[in-house]
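**Student:** Here you go, coords-v4.pdb (PDB, C-alpha atoms and all ligand atoms):
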ATOM      1  CA  MET A   1      72.163 117.465 101.634
ATOM      2  CA  GLU A   2      75.726 116.659 102.677
ATOM      3  CA  LYS A   3      78.088 119.625 102.168
ATOM      4  CA  ILE A   4      81.617 118.616 101.286
ATOM      5  CA  LYS A   5      84.136 119.917 103.832
ATOM      6  CA  LYS A   6      87.087 117.522 103.910
ATOM      7  CA  VAL A   7      88.356 115.565 100.949
ATOM      8  CA  ALA A   8      90.368 112.342 100.783
ATOM      9  CA  VAL A   9      92.113 111.373  97.544
ATOM     10  CA  ILE A  10      93.274 107.773  97.374
ATOM     11  CA  GLY A  11      96.134 107.249  94.939
ATOM     12  CA  GLY A  12      98.608 110.061  94.340
ATOM     13  CA  GLY A  13      99.635 109.176  90.775
ATOM     14  CA  LEU A  14      99.065 111.259  87.662
ATOM     15  CA  MET A  15      95.336 111.839  88.277
ATOM     16  CA  GLY A  16      95.229 111.714  92.087
ATOM     17  CA  SER A  17      97.924 114.383  92.414
ATOM     18  CA  GLY A  18      96.042 116.660  90.019
ATOM     19  CA  ILE A  19      92.714 116.120  91.776
ATOM     20  CA  ALA A  20      94.300 116.768  95.200
ATOM     21  CA  GLN A  21      95.902 119.947  93.868
ATOM     22  CA  VAL A  22      92.655 121.470  92.564
ATOM     23  CA  SER A  23      90.755 120.416  95.690
ATOM     24  CA  ALA A  24      93.338 122.014  98.012
ATOM     25  CA  ALA A  25      93.512 125.120  95.803
ATOM     26  CA  ALA A  26      89.732 125.525  96.147
ATOM     27  CA  GLY A  27      90.129 125.609  99.936
ATOM     28  CA  PHE A  28      89.237 122.032 100.891
ATOM     29  CA  PRO A  29      91.533 120.382 103.455
ATOM     30  CA  THR A  30      92.688 117.450 101.324
ATOM     31  CA  THR A  31      94.466 114.275 102.379
ATOM     32  CA  VAL A  32      96.226 112.108  99.807
ATOM     33  CA  ARG A  33      96.741 108.432 100.605
ATOM     34  CA  GLU A  34      99.554 106.565  98.858
ATOM     35  CA  ILE A  35     100.897 103.108  99.594
ATOM     36  CA  SER A  36     104.419 104.143 100.672
ATOM     37  CA  GLU A  37     106.320 107.181 101.977
ATOM     38  CA  PRO A  38     108.372 107.554  98.753
ATOM     39  CA  LEU A  39     105.144 107.611  96.708
ATOM     40  CA  CYS A  40     103.707 110.264  99.073
ATOM     41  CA  ALA A  41     106.855 112.341  98.504
ATOM     42  CA  LYS A  42     106.583 111.818  94.733
ATOM     43  CA  SER A  43     102.981 113.028  94.723
ATOM     44  CA  ARG A  44     103.859 116.115  96.781
ATOM     45  CA  GLN A  45     106.799 116.891  94.480
ATOM     46  CA  SER A  46     104.702 116.584  91.358
ATOM     47  CA  ILE A  47     102.155 119.043  92.800
ATOM     48  CA  GLU A  48     104.939 121.452  93.820
ATOM     49  CA  LYS A  49     106.387 121.231  90.315
ATOM     50  CA  THR A  50     103.031 121.940  88.662
ATOM     51  CA  LEU A  51     102.462 124.914  90.963
ATOM     52  CA  ALA A  52     105.947 126.277  90.237
ATOM     53  CA  LYS A  53     105.290 125.968  86.498
ATOM     54  CA  GLY A  54     101.948 127.745  86.974
ATOM     55  CA  MET A  55     103.722 130.590  88.786
ATOM     56  CA  GLU A  56     106.340 130.894  86.031
ATOM     57  CA  ARG A  57     103.524 131.276  83.510
ATOM     58  CA  GLY A  58     101.704 133.813  85.679
ATOM     59  CA  LYS A  59      98.694 131.464  86.129
ATOM     60  CA  VAL A  60      99.229 130.793  89.859
ATOM     61  CA  THR A  61      99.970 133.477  92.456
ATOM     62  CA  GLU A  62     102.271 132.969  95.435
ATOM     63  CA  ALA A  63      99.243 133.162  97.753
ATOM     64  CA  GLU A  64      97.416 130.481  95.737
ATOM     65  CA  ARG A  65     100.440 128.189  95.891
ATOM     66  CA  ASP A  66     100.717 128.669  99.665
ATOM     67  CA  THR A  67      96.992 127.991 100.218
ATOM     68  CA  THR A  68      97.201 124.843  98.089
ATOM     69  CA  LEU A  69     100.224 123.454  99.939
ATOM     70  CA  ARG A  70      98.773 124.384 103.333
ATOM     71  CA  ASN A  71      95.592 122.420 102.601
ATOM     72  CA  LEU A  72      97.441 119.248 101.570
ATOM     73  CA  ARG A  73      98.433 116.264 103.701
ATOM     74  CA  PHE A  74     100.025 113.000 102.540
ATOM     75  CA  VAL A  75      99.510 109.784 104.492
ATOM     76  CA  THR A  76      99.989 106.045 104.121
ATOM     77  CA  ASP A  77      97.577 104.995 106.876
ATOM     78  CA  LEU A  78      93.944 104.718 105.712
ATOM     79  CA  LYS A  79      92.659 105.547 109.203
ATOM     80  CA  GLU A  80      93.922 109.107 108.803
ATOM     81  CA  LEU A  81      91.150 109.633 106.241
ATOM     82  CA  ALA A  82      88.342 108.793 108.669
ATOM     83  CA  ASP A  83      86.955 112.327 109.107
ATOM     84  CA  SER A  84      86.695 113.064 105.350
ATOM     85  CA  ASN A  85      83.238 113.418 103.867
ATOM     86  CA  LEU A  86      84.212 112.953 100.217
ATOM     87  CA  PHE A  87      86.528 110.112  99.165
ATOM     88  CA  ILE A  88      87.860 110.278  95.600
ATOM     89  CA  GLU A  89      89.540 107.088  94.422
ATOM     90  CA  ALA A  90      92.264 107.418  91.752
ATOM     91  CA  VAL A  91      94.178 104.135  92.135
ATOM     92  CA  VAL A  92      95.135 101.807  89.281
ATOM     93  CA  GLU A  93      92.413 100.789  86.806
ATOM     94  CA  ASP A  94      91.807  97.351  88.332
ATOM     95  CA  LEU A  95      88.398  96.408  89.690
ATOM     96  CA  ASP A  96      89.738  94.016  92.359
ATOM     97  CA  VAL A  97      92.174  96.616  93.717
ATOM     98  CA  LYS A  98      89.436  99.248  93.747
ATOM     99  CA  ASN A  99      86.869  96.997  95.427
ATOM    100  CA  ARG A 100      89.328  95.885  98.126
ATOM    101  CA  LEU A 101      89.951  99.540  98.829
ATOM    102  CA  TRP A 102      86.237 100.434  98.938
ATOM    103  CA  SER A 103      85.453  97.737 101.479
ATOM    104  CA  GLU A 104      88.380  98.889 103.674
ATOM    105  CA  LEU A 105      87.223 102.492 103.368
ATOM    106  CA  ASN A 106      83.672 101.503 104.243
ATOM    107  CA  GLN A 107      84.993 100.240 107.596
ATOM    108  CA  ILE A 108      86.664 103.532 108.529
ATOM    109  CA  ALA A 109      84.565 106.240 106.798
ATOM    110  CA  ARG A 110      81.601 108.006 108.363
ATOM    111  CA  PRO A 111      78.334 106.415 107.213
ATOM    112  CA  ASP A 112      77.264 109.647 105.510
ATOM    113  CA  ALA A 113      80.523 110.120 103.558
ATOM    114  CA  ILE A 114      80.329 110.086  99.752
ATOM    115  CA  PHE A 115      82.503 107.695  97.713
ATOM    116  CA  ALA A 116      83.555 108.715  94.190
ATOM    117  CA  SER A 117      85.650 106.823  91.658
ATOM    118  CA  ASN A 118      87.730 108.480  88.931
ATOM    119  CA  THR A 119      87.656 105.297  86.803
ATOM    120  CA  SER A 120      87.886 105.821  83.038
ATOM    121  CA  SER A 121      86.210 102.675  81.847
ATOM    122  CA  LEU A 122      84.811 100.504  84.638
ATOM    123  CA  THR A 123      81.170 100.901  85.555
ATOM    124  CA  ILE A 124      80.542 102.529  88.914
ATOM    125  CA  ILE A 125      77.854 100.031  89.847
ATOM    126  CA  ALA A 126      80.523  97.285  89.805
ATOM    127  CA  MET A 127      81.995  99.003  92.890
ATOM    128  CA  ALA A 128      78.749  99.913  94.646
ATOM    129  CA  ALA A 129      78.374  96.635  96.568
ATOM    130  CA  ALA A 130      81.938  96.774  97.976
ATOM    131  CA  SER A 131      81.394 100.395  99.021
ATOM    132  CA  GLY A 132      78.579  99.326 101.355
ATOM    133  CA  ARG A 133      76.743 102.544 100.421
ATOM    134  CA  SER A 134      75.388 102.250  96.914
ATOM    135  CA  ASP A 135      73.208 105.377  97.342
ATOM    136  CA  ARG A 136      76.315 107.432  98.188
ATOM    137  CA  MET A 137      78.553 106.090  95.457
ATOM    138  CA  LEU A 138      79.123 107.795  92.112
ATOM    139  CA  GLY A 139      81.727 108.586  89.480
ATOM    140  CA  LEU A 140      83.742 111.819  89.323
ATOM    141  CA  HIS A 141      85.701 111.517  86.091
ATOM    142  CA  PHE A 142      88.420 114.165  85.780
ATOM    143  CA  PHE A 143      90.540 114.761  82.675
ATOM    144  CA  ASN A 144      94.307 114.902  82.301
ATOM    145  CA  PRO A 145      96.005 117.290  83.077
ATOM    146  CA  VAL A 146      93.529 117.964  85.897
ATOM    147  CA  PRO A 147      94.625 121.536  86.777
ATOM    148  CA  LEU A 148      94.081 122.617  83.147
ATOM    149  CA  MET A 149      91.114 120.573  81.970
ATOM    150  CA  LYS A 150      87.778 122.173  82.845
ATOM    151  CA  LEU A 151      85.520 119.142  82.508
ATOM    152  CA  VAL A 152      84.390 116.634  85.139
ATOM    153  CA  GLU A 153      81.848 113.931  84.277
ATOM    154  CA  VAL A 154      79.514 113.319  87.227
ATOM    155  CA  VAL A 155      78.295 109.758  86.844
ATOM    156  CA  ARG A 156      75.193 108.470  88.581
ATOM    157  CA  THR A 157      74.338 104.782  88.829
ATOM    158  CA  ILE A 158      70.872 103.280  89.078
ATOM    159  CA  THR A 159      71.243 103.491  92.877
ATOM    160  CA  THR A 160      72.936 106.903  93.395
ATOM    161  CA  SER A 161      70.687 109.232  95.412
ATOM    162  CA  GLU A 162      69.764 112.685  94.104
ATOM    163  CA  ASP A 163      71.368 114.264  97.180
ATOM    164  CA  THR A 164      74.660 112.547  96.466
ATOM    165  CA  GLU A 165      74.632 113.718  92.849
ATOM    166  CA  ARG A 166      73.764 117.278  93.910
ATOM    167  CA  SER A 167      76.591 117.391  96.507
ATOM    168  CA  ALA A 168      79.027 116.146  93.876
ATOM    169  CA  LEU A 169      77.855 118.732  91.306
ATOM    170  CA  ASP A 170      78.294 121.509  93.902
ATOM    171  CA  PHE A 171      81.775 120.211  94.756
ATOM    172  CA  VAL A 172      82.839 120.188  91.091
ATOM    173  CA  ARG A 173      81.612 123.771  90.645
ATOM    174  CA  ALA A 174      83.452 124.803  93.842
ATOM    175  CA  LEU A 175      86.649 123.524  92.182
ATOM    176  CA  GLY A 176      86.006 125.960  89.316
ATOM    177  CA  LYS A 177      85.332 123.041  86.951
ATOM    178  CA  GLU A 178      82.367 122.412  84.631
ATOM    179  CA  PRO A 179      80.360 119.287  85.459
ATOM    180  CA  ILE A 180      78.345 117.302  82.944
ATOM    181  CA  ARG A 181      75.910 114.628  84.124
ATOM    182  CA  ALA A 182      76.265 111.145  82.683
ATOM    183  CA  LYS A 183      74.691 107.745  83.201
ATOM    184  CA  ASP A 184      76.837 104.849  84.373
ATOM    185  CA  SER A 185      77.510 103.273  80.993
ATOM    186  CA  SER A 186      81.024 102.275  79.981
ATOM    187  CA  GLY A 187      82.898 105.285  78.528
ATOM    188  CA  PHE A 188      80.396 107.770  79.992
ATOM    189  CA  VAL A 189      80.106 110.654  77.457
ATOM    190  CA  VAL A 190      83.588 111.630  76.330
ATOM    191  CA  ASN A 191      85.251 108.228  75.923
ATOM    192  CA  LEU A 192      82.087 106.767  74.378
ATOM    193  CA  LEU A 193      82.621 109.149  71.446
ATOM    194  CA  LEU A 194      86.385 109.631  71.581
ATOM    195  CA  ILE A 195      87.553 105.995  71.708
ATOM    196  CA  PRO A 196      85.865 104.903  68.416
ATOM    197  CA  TYR A 197      87.204 108.096  66.787
ATOM    198  CA  MET A 198      90.797 107.279  67.808
ATOM    199  CA  LEU A 199      90.390 103.615  66.781
ATOM    200  CA  ASP A 200      89.003 104.731  63.399
ATOM    201  CA  ALA A 201      92.126 106.830  62.840
ATOM    202  CA  ILE A 202      94.312 103.746  63.434
ATOM    203  CA  ASN A 203      92.112 101.691  61.092
ATOM    204  CA  ALA A 204      92.407 104.414  58.431
ATOM    205  CA  LEU A 205      96.201 104.327  58.776
ATOM    206  CA  GLU A 206      96.277 100.531  58.497
ATOM    207  CA  SER A 207      94.136 100.749  55.350
ATOM    208  CA  ASN A 208      96.638 103.254  53.879
ATOM    209  CA  VAL A 209      94.066 106.029  53.549
ATOM    210  CA  ALA A 210      96.746 108.603  54.394
ATOM    211  CA  SER A 211      99.892 109.079  56.492
ATOM    212  CA  VAL A 212     100.004 109.783  60.241
ATOM    213  CA  GLU A 213     100.919 113.412  59.563
ATOM    214  CA  ASP A 214      98.224 113.934  56.920
ATOM    215  CA  ILE A 215      95.469 112.381  59.051
ATOM    216  CA  ASP A 216      96.519 114.609  61.972
ATOM    217  CA  LYS A 217      96.687 117.658  59.715
ATOM    218  CA  GLY A 218      93.325 116.799  58.129
ATOM    219  CA  ILE A 219      91.525 116.705  61.471
ATOM    220  CA  GLN A 220      93.308 119.786  62.809
ATOM    221  CA  LEU A 221      92.710 121.991  59.798
ATOM    222  CA  GLY A 222      89.531 120.398  58.452
ATOM    223  CA  ALA A 223      87.642 119.825  61.683
ATOM    224  CA  GLY A 224      89.208 122.542  63.825
ATOM    225  CA  HIS A 225      90.520 120.180  66.530
ATOM    226  CA  PRO A 226      93.472 121.477  68.574
ATOM    227  CA  MET A 227      95.382 118.255  67.764
ATOM    228  CA  GLY A 228      94.983 115.322  65.401
ATOM    229  CA  PRO A 229      94.064 111.776  66.546
ATOM    230  CA  PHE A 230      97.634 110.367  66.547
ATOM    231  CA  THR A 231      99.004 113.248  68.615
ATOM    232  CA  LEU A 232      96.067 112.686  70.968
ATOM    233  CA  LEU A 233      96.652 108.913  71.116
ATOM    234  CA  ASP A 234     100.307 109.496  72.039
ATOM    235  CA  PHE A 235      99.277 111.996  74.688
ATOM    236  CA  VAL A 236      96.640 109.751  76.331
ATOM    237  CA  GLY A 237      98.908 106.669  76.191
ATOM    238  CA  LEU A 238      98.419 103.752  73.808
ATOM    239  CA  ASP A 239      98.211 101.221  76.664
ATOM    240  CA  THR A 240      95.434 103.269  78.273
ATOM    241  CA  VAL A 241      93.464 103.511  75.017
ATOM    242  CA  TYR A 242      93.967  99.772  74.430
ATOM    243  CA  LYS A 243      92.702  98.885  77.901
ATOM    244  CA  ILE A 244      89.674 101.186  77.682
ATOM    245  CA  SER A 245      88.709  99.888  74.248
ATOM    246  CA  GLU A 246      88.987  96.261  75.453
ATOM    247  CA  ILE A 247      86.650  97.039  78.359
ATOM    248  CA  MET A 248      84.193  98.897  76.102
ATOM    249  CA  PHE A 249      84.293  96.085  73.531
ATOM    250  CA  ALA A 250      83.541  93.533  76.259
ATOM    251  CA  GLU A 251      80.639  95.687  77.469
ATOM    252  CA  TYR A 252      78.969  96.568  74.131
ATOM    253  CA  ARG A 253      80.234  93.733  71.857
ATOM    254  CA  GLU A 254      80.362  96.121  68.909
ATOM    255  CA  PRO A 255      83.282  96.088  66.408
ATOM    256  CA  ARG A 256      83.668  99.862  66.598
ATOM    257  CA  TYR A 257      85.138  99.485  70.102
ATOM    258  CA  ALA A 258      87.503  96.643  69.165
ATOM    259  CA  PRO A 259      91.211  97.574  69.425
ATOM    260  CA  PRO A 260      92.854  97.406  65.956
ATOM    261  CA  PRO A 261      95.769  94.923  65.619
ATOM    262  CA  LEU A 262      98.257  97.778  65.075
ATOM    263  CA  LEU A 263      97.351  99.295  68.471
ATOM    264  CA  LYS A 264      97.954  95.961  70.193
ATOM    265  CA  ARG A 265     101.272  95.457  68.389
ATOM    266  CA  MET A 266     102.489  98.908  69.399
ATOM    267  CA  VAL A 267     101.554  98.313  73.058
ATOM    268  CA  LEU A 268     103.375  94.947  72.985
ATOM    269  CA  ALA A 269     106.415  96.715  71.510
ATOM    270  CA  GLY A 270     106.412  99.214  74.396
ATOM    271  CA  MET A 271     105.455 102.081  72.083
ATOM    272  CA  LEU A 272     103.073 103.708  74.525
ATOM    273  CA  GLY A 273     103.199 107.284  73.227
ATOM    274  CA  LYS A 274     104.710 110.347  74.869
ATOM    275  CA  LYS A 275     105.269 108.680  78.234
ATOM    276  CA  SER A 276     107.578 106.002  76.739
ATOM    277  CA  GLY A 277     109.229 108.438  74.321
ATOM    278  CA  LYS A 278     107.748 106.751  71.246
ATOM    279  CA  GLY A 279     104.290 106.056  69.839
ATOM    280  CA  PHE A 280     102.944 107.222  66.494
ATOM    281  CA  TYR A 281     105.608 109.919  66.846
ATOM    282  CA  ASP A 282     109.192 109.582  68.091
ATOM    283  CA  TYR A 283     109.837 112.178  70.811
ATOM    284  CA  SER A 284     113.631 111.776  70.911
ATOM    285  CA  SER A 285     113.950 114.770  68.579
ATOM    286  CA  THR A 286     112.354 118.224  68.582
ATOM    287  CA  PRO A 287     110.014 118.529  66.801
ATOM    288  CA  PRO A 288     108.995 114.857  67.060
ATOM    289  CA  ARG A 289     109.267 112.746  63.890
ATOM    290  CA  VAL A 290     106.734 110.181  62.678
ATOM    291  CA  SER A 291     107.743 106.702  63.906
ATOM    292  CA  SER A 292     108.496 103.981  61.440
ATOM    293  CA  LEU A 293     105.707 101.412  61.810
ATOM    294  CA  GLY A 294     106.589  99.106  58.941
ATOM    295  CA  LEU A 295     103.258  99.753  57.205
TER     296      LEU A 295
HETATM  297  P1  LIG B   1      98.767 106.153  88.080
HETATM  298  O1  LIG B   1      99.334 104.810  87.842
HETATM  299  O2  LIG B   1      99.527 107.379  87.703
HETATM  300  O3  LIG B   1      98.419 106.306  89.642
HETATM  301  C1  LIG B   1      97.827 105.312  90.425
HETATM  302  C2  LIG B   1      98.410 105.450  91.834
HETATM  303  O4  LIG B   1      97.612 104.681  92.745
HETATM  304  C3  LIG B   1      99.844 104.908  91.966
HETATM  305  O5  LIG B   1     100.683 105.959  92.432
HETATM  306  C4  LIG B   1      99.722 103.782  92.991
HETATM  307  O6  LIG B   1     100.832 103.709  93.890
HETATM  308  C5  LIG B   1      98.464 104.185  93.741
HETATM  309  N1  LIG B   1      97.768 103.107  94.445
HETATM  310  C6  LIG B   1      97.515 101.843  94.042
HETATM  311  N2  LIG B   1      96.804 101.184  94.995
HETATM  312  C7  LIG B   1      96.588 102.063  96.006
HETATM  313  C8  LIG B   1      95.916 102.003  97.256
HETATM  314  N3  LIG B   1      95.305 100.890  97.662
HETATM  315  N4  LIG B   1      95.895 103.121  98.034
HETATM  316  C9  LIG B   1      96.508 104.254  97.628
HETATM  317  N5  LIG B   1      97.157 104.369  96.458
HETATM  318  C10 LIG B   1      97.206 103.293  95.659
HETATM  319  O7  LIG B   1      97.318 106.130  87.381
HETATM  320  P2  LIG B   1      96.411 107.353  86.892
HETATM  321  O8  LIG B   1      96.663 107.625  85.461
HETATM  322  O9  LIG B   1      96.516 108.455  87.883
HETATM  323  O10 LIG B   1      94.960 106.688  86.957
HETATM  324  C11 LIG B   1      94.258 106.526  88.171
HETATM  325  C12 LIG B   1      92.785 106.315  87.859
HETATM  326  O11 LIG B   1      92.287 107.434  87.134
HETATM  327  C13 LIG B   1      92.472 105.075  87.008
HETATM  328  O12 LIG B   1      91.247 104.526  87.453
HETATM  329  C14 LIG B   1      92.326 105.659  85.613
HETATM  330  O13 LIG B   1      91.483 104.890  84.792
HETATM  331  C15 LIG B   1      91.679 106.997  85.918
HETATM  332  N6  LIG B   1      91.852 108.040  84.905
HETATM  333  C16 LIG B   1      93.041 108.187  84.247
HETATM  334  C17 LIG B   1      93.190 109.199  83.293
HETATM  335  C18 LIG B   1      94.485 109.407  82.580
HETATM  336  O14 LIG B   1      94.522 110.171  81.596
HETATM  337  N7  LIG B   1      95.582 108.797  83.014
HETATM  338  C19 LIG B   1      92.074 110.116  82.965
HETATM  339  C20 LIG B   1      90.896 109.915  83.778
HETATM  340  C21 LIG B   1      90.802 108.886  84.683
END
What does this structure look like when you write it as structure tokens?
Ligand code: NAI
**Tutor:**
Amino acid sequence: MEKIKKVAVIGGGLMGSGIAQVSAAAGFPTTVREISEPLCAKSRQSIEKTLAKGMERGKVTEAERDTTLRNLRFVTDLKELADSNLFIEAVVEDLDVKNRLWSELNQIARPDAIFASNTSSLTIIAMAAASGRSDRMLGLHFFNPVPLMKLVEVVRTITTSEDTERSALDFVRALGKEPIRAKDSSGFVVNLLLIPYMLDAINALESNVASVEDIDKGIQLGAGHPMGPFTLLDFVGLDTVYKISEIMFAEYREPRYAPPPLLKRMVLAGMLGKKSGKGFYDYSSTPPRVSSLGL
């Protein structure tokens, strides 16, 4: 069985930076590949900021911060990743972009290296052919924010070897995360259940069952969730939820995965949730107010 020693993370955005941080913190020499020097610098800065925040809160020691930063490298040239034995892809959610990358990586990576995608909604098997190593290809689905969220879904396809899955499970545990095993079906475990739940909340709002605040309060206090569905939607990003539900709807052809019209209208209006400053809530004031949606 291949033991993971060196890790490459491709894409240093929101997820890639988090994945690189936890990998480096666990002692793995980790190289992040971004497409330009400024994006490399941005990724490094975001990791430094997260570590500084962790230190302020007493969650990260000075020694842990130093180890993490020492184990990190940022590059633009793919060839610099050649000696890695685990490649984790966290680039944009676009199958063509991902597959172009996998076939380039297949040219430079060692034949025994494992390829893992952090995709939220694409199936892993759709990337297996481009990877040139379908037995060594799987999904490692992390959750945002990566340093805080314990779960990683380890996704095997119909062609993933047992050895590959076992190496990936060991790697996830070495990061101090909890793996769950899932089959390669769109949404894996968490999004398969969570997406219809969030869409149902939007449908309930459109049918005037209750207000945004009361639906959130109902789920928080009545079901014991840490946050209600609209707070969660704003946190995940409405564009992301829209895209995932479109992909799941195309895969399963079931109405429960279909994005409600209100979700589409909000995405078109640029109301993407917390990241754009406005979604179901308006974040320009503290505490946030419920947005006016003309319902
Ligand atoms: P993001 O947009 O923050 O980051 C993507 C990064 O990839 C960008 O910085 C971009 O410059 C870079 N990139 C694009 N092509 C590249 C290439 N060929 N080589 C190197 N870097 C390249 O996106 P985010 O949110 O980090 O998502 C990345 C992946 O993780 C997607 O597949 C997404 O579905 C998945 N994901 C996202 C979650 C989320 O909550 N945002 C949760 C779990 C998975």
**Student:** Do you have the CA of Leu233 (chain A)-CA of Val60 (chain A) distance handy?
**Tutor:**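 Separation between CA of Leu233 (chain A) and CA of Val60 (chain A): 28.9 Å.
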**Student:** What residues have any atom no more than 7 Å from ligand LIG 1 (chain B) when counting all atoms listed in the file, and can you list them as a short mmCIF file (atom, residue, chain, number, x, y, z; two decimals) with C-alpha atoms, in the coordinates of the input?
**Tutor:**
data_model
loop_
_atom_site.label_atom_id
_atom_site.label_comp_id
_atom_site.auth_asym_id
_atom_site.auth_seq_id
_atom_site.Cartn_x
_atom_site.Cartn_y
_atom_site.Cartn_z
CA ILE A 10 93.27 107.77 97.37
CA GLY A 11 96.13 107.25 94.94
CA GLY A 12 98.61 110.06 94.34
CA GLY A 13 99.64 109.18 90.78
CA LEU A 14 99.06 111.26 87.66
CA MET A 15 95.34 111.84 88.28
CA GLY A 16 95.23 111.71 92.09
CA ARG A 33 96.74 108.43 100.60
CA GLU A 34 99.55 106.56 98.86
CA ILE A 35 100.90 103.11 99.59
CA LEU A 39 105.14 107.61 96.71
CA ALA A 90 92.26 107.42 91.75
CA VAL A 91 94.18 104.14 92.14
CA VAL A 92 95.14 101.81 89.28
CA GLU A 93 92.41 100.79 86.81
CA VAL A 97 92.17 96.62 93.72
CA LEU A 101 89.95 99.54 98.83
CA ASN A 118 87.73 108.48 88.93
CA THR A 119 87.66 105.30 86.80
CA SER A 120 87.89 105.82 83.04
CA SER A 121 86.21 102.68 81.85
CA HIS A 141 85.70 111.52 86.09
CA PHE A 142 88.42 114.16 85.78
CA PHE A 143 90.54 114.76 82.68
CA ASN A 144 94.31 114.90 82.30
CA VAL A 236 96.64 109.75 76.33
#
**Student:** As an MDAnalysis selection string, please: the residues near region 62-68 of chain A (cut-off 10 Å, only C-alpha atoms, same-chain neighbours under 4 positions excluded).
**Tutor:** chainID A and resid 20:30 47:48 50:52 54:55 58 72
**Student:** Mind listing as a list in words all residues within 12 Å of (69.8, 106.3, 93.1), counting all atoms listed in the file?
**Tutor:**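 Here is the list of nearby residues: Ile125, Ala128, Arg133, Ser134, Asp135, Arg136, Met137, Leu138, Val155, Arg156, Thr157, Ile158, Thr159, Thr160, Ser161, Glu162, Asp163, Thr164, Glu165, Arg166, Lys183 and Asp184 of chain A.
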**Student:** Report as number ranges by chain the full result of the PyMOL selection byres (((chain A and resi 248) around 12) and not hetatm) when it is applied to this structure.
**Tutor:** A: 120-123, 185-188, 191-196, 241-247, 249-259
**Student:** Filtering to C-alpha atoms, could you give me those residues as a PDB file, in the frame of the given file?
**Tutor:**
ATOM      1  CA  SER A 120      87.886 105.821  83.038  1.00  0.00           C
ATOM      2  CA  SER A 121      86.210 102.675  81.847  1.00  0.00           C
ATOM      3  CA  LEU A 122      84.811 100.504  84.638  1.00  0.00           C
ATOM      4  CA  THR A 123      81.170 100.901  85.555  1.00  0.00           C
ATOM      5  CA  SER A 185      77.510 103.273  80.993  1.00  0.00           C
ATOM      6  CA  SER A 186      81.024 102.275  79.981  1.00  0.00           C
ATOM      7  CA  GLY A 187      82.898 105.285  78.528  1.00  0.00           C
ATOM      8  CA  PHE A 188      80.396 107.770  79.992  1.00  0.00           C
ATOM      9  CA  ASN A 191      85.251 108.228  75.923  1.00  0.00           C
ATOM     10  CA  LEU A 192      82.087 106.767  74.378  1.00  0.00           C
ATOM     11  CA  LEU A 193      82.621 109.149  71.446  1.00  0.00           C
ATOM     12  CA  LEU A 194      86.385 109.631  71.581  1.00  0.00           C
ATOM     13  CA  ILE A 195      87.553 105.995  71.708  1.00  0.00           C
ATOM     14  CA  PRO A 196      85.865 104.903  68.416  1.00  0.00           C
ATOM     15  CA  VAL A 241      93.464 103.511  75.017  1.00  0.00           C
ATOM     16  CA  TYR A 242      93.967  99.772  74.430  1.00  0.00           C
ATOM     17  CA  LYS A 243      92.702  98.885  77.901  1.00  0.00           C
ATOM     18  CA  ILE A 244      89.674 101.186  77.682  1.00  0.00           C
ATOM     19  CA  SER A 245      88.709  99.888  74.248  1.00  0.00           C
ATOM     20  CA  GLU A 246      88.987  96.261  75.453  1.00  0.00           C
ATOM     21  CA  ILE A 247      86.650  97.039  78.359  1.00  0.00           C
ATOM     22  CA  PHE A 249      84.293  96.085  73.531  1.00  0.00           C
ATOM     23  CA  ALA A 250      83.541  93.533  76.259  1.00  0.00           C
ATOM     24  CA  GLU A 251      80.639  95.687  77.469  1.00  0.00           C
ATOM     25  CA  TYR A 252      78.969  96.568  74.131  1.00  0.00           C
ATOM     26  CA  ARG A 253      80.234  93.733  71.857  1.00  0.00           C
ATOM     27  CA  GLU A 254      80.362  96.121  68.909  1.00  0.00           C
ATOM     28  CA  PRO A 255      83.282  96.088  66.408  1.00  0.00           C
ATOM     29  CA  ARG A 256      83.668  99.862  66.598  1.00  0.00           C
ATOM     30  CA  TYR A 257      85.138  99.485  70.102  1.00  0.00           C
ATOM     31  CA  ALA A 258      87.503  96.643  69.165  1.00  0.00           C
ATOM     32  CA  PRO A 259      91.211  97.574  69.425  1.00  0.00           C
TER      33      PRO A 259
END
**Student:** Which residues are near Glu37 (chain A)? Cut-off 10 Å, all atoms listed in the file, ignore same chain within fewer than 5 positions. Put them as a ChimeraX atom specification.
**Tutor:** /A:42-43,74-76
**Student:** Find the residue from A:Ile202, A:Leu148, A:Ala129, A:Ile4 that sits nearest to Asp83 (chain A); use only C-alpha atoms when measuring.
**Tutor:** A:Ile4
**Student:** Would you write out, as number ranges by chain, every residue that the PyMOL selection byres (((chain A and resi 228) around 10) and not hetatm) captures in this file?
**Tutor:** A: 198, 201, 212-221, 223-227, 229-233
**Student:** Name the residues in contact with Tyr281 (chain A) at a cut-off of 7 Å, using all atoms listed in the file, excluding same-chain residues fewer than 6 positions from it; report them as a PyMOL selection string.
**Tutor:** chain A and resi 288-291
**Student:** For the residues selected in the previous step, produce a file with C-alpha atoms as a compact mmCIF listing (two decimals), in the frame of the given file.
**Tutor:**
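Okay, this is what ended up in part29.txt:
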# COMPACT_ATOMS: atom_id res chain seq x y z
CA PRO A 288 109.00 114.86 67.06
CA ARG A 289 109.27 112.75 63.89
CA VAL A 290 106.73 110.18 62.68
CA SER A 291 107.74 106.70 63.91
**Student:** Could you check which of A:Lys53, A:Arg181, A:Lys3, A:Arg110 is closest to Ser84 (chain A), using only C-alpha atoms?
**Tutor:**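 Of the candidates, the smallest distance to Ser84 (chain A) is held by A:Arg110.
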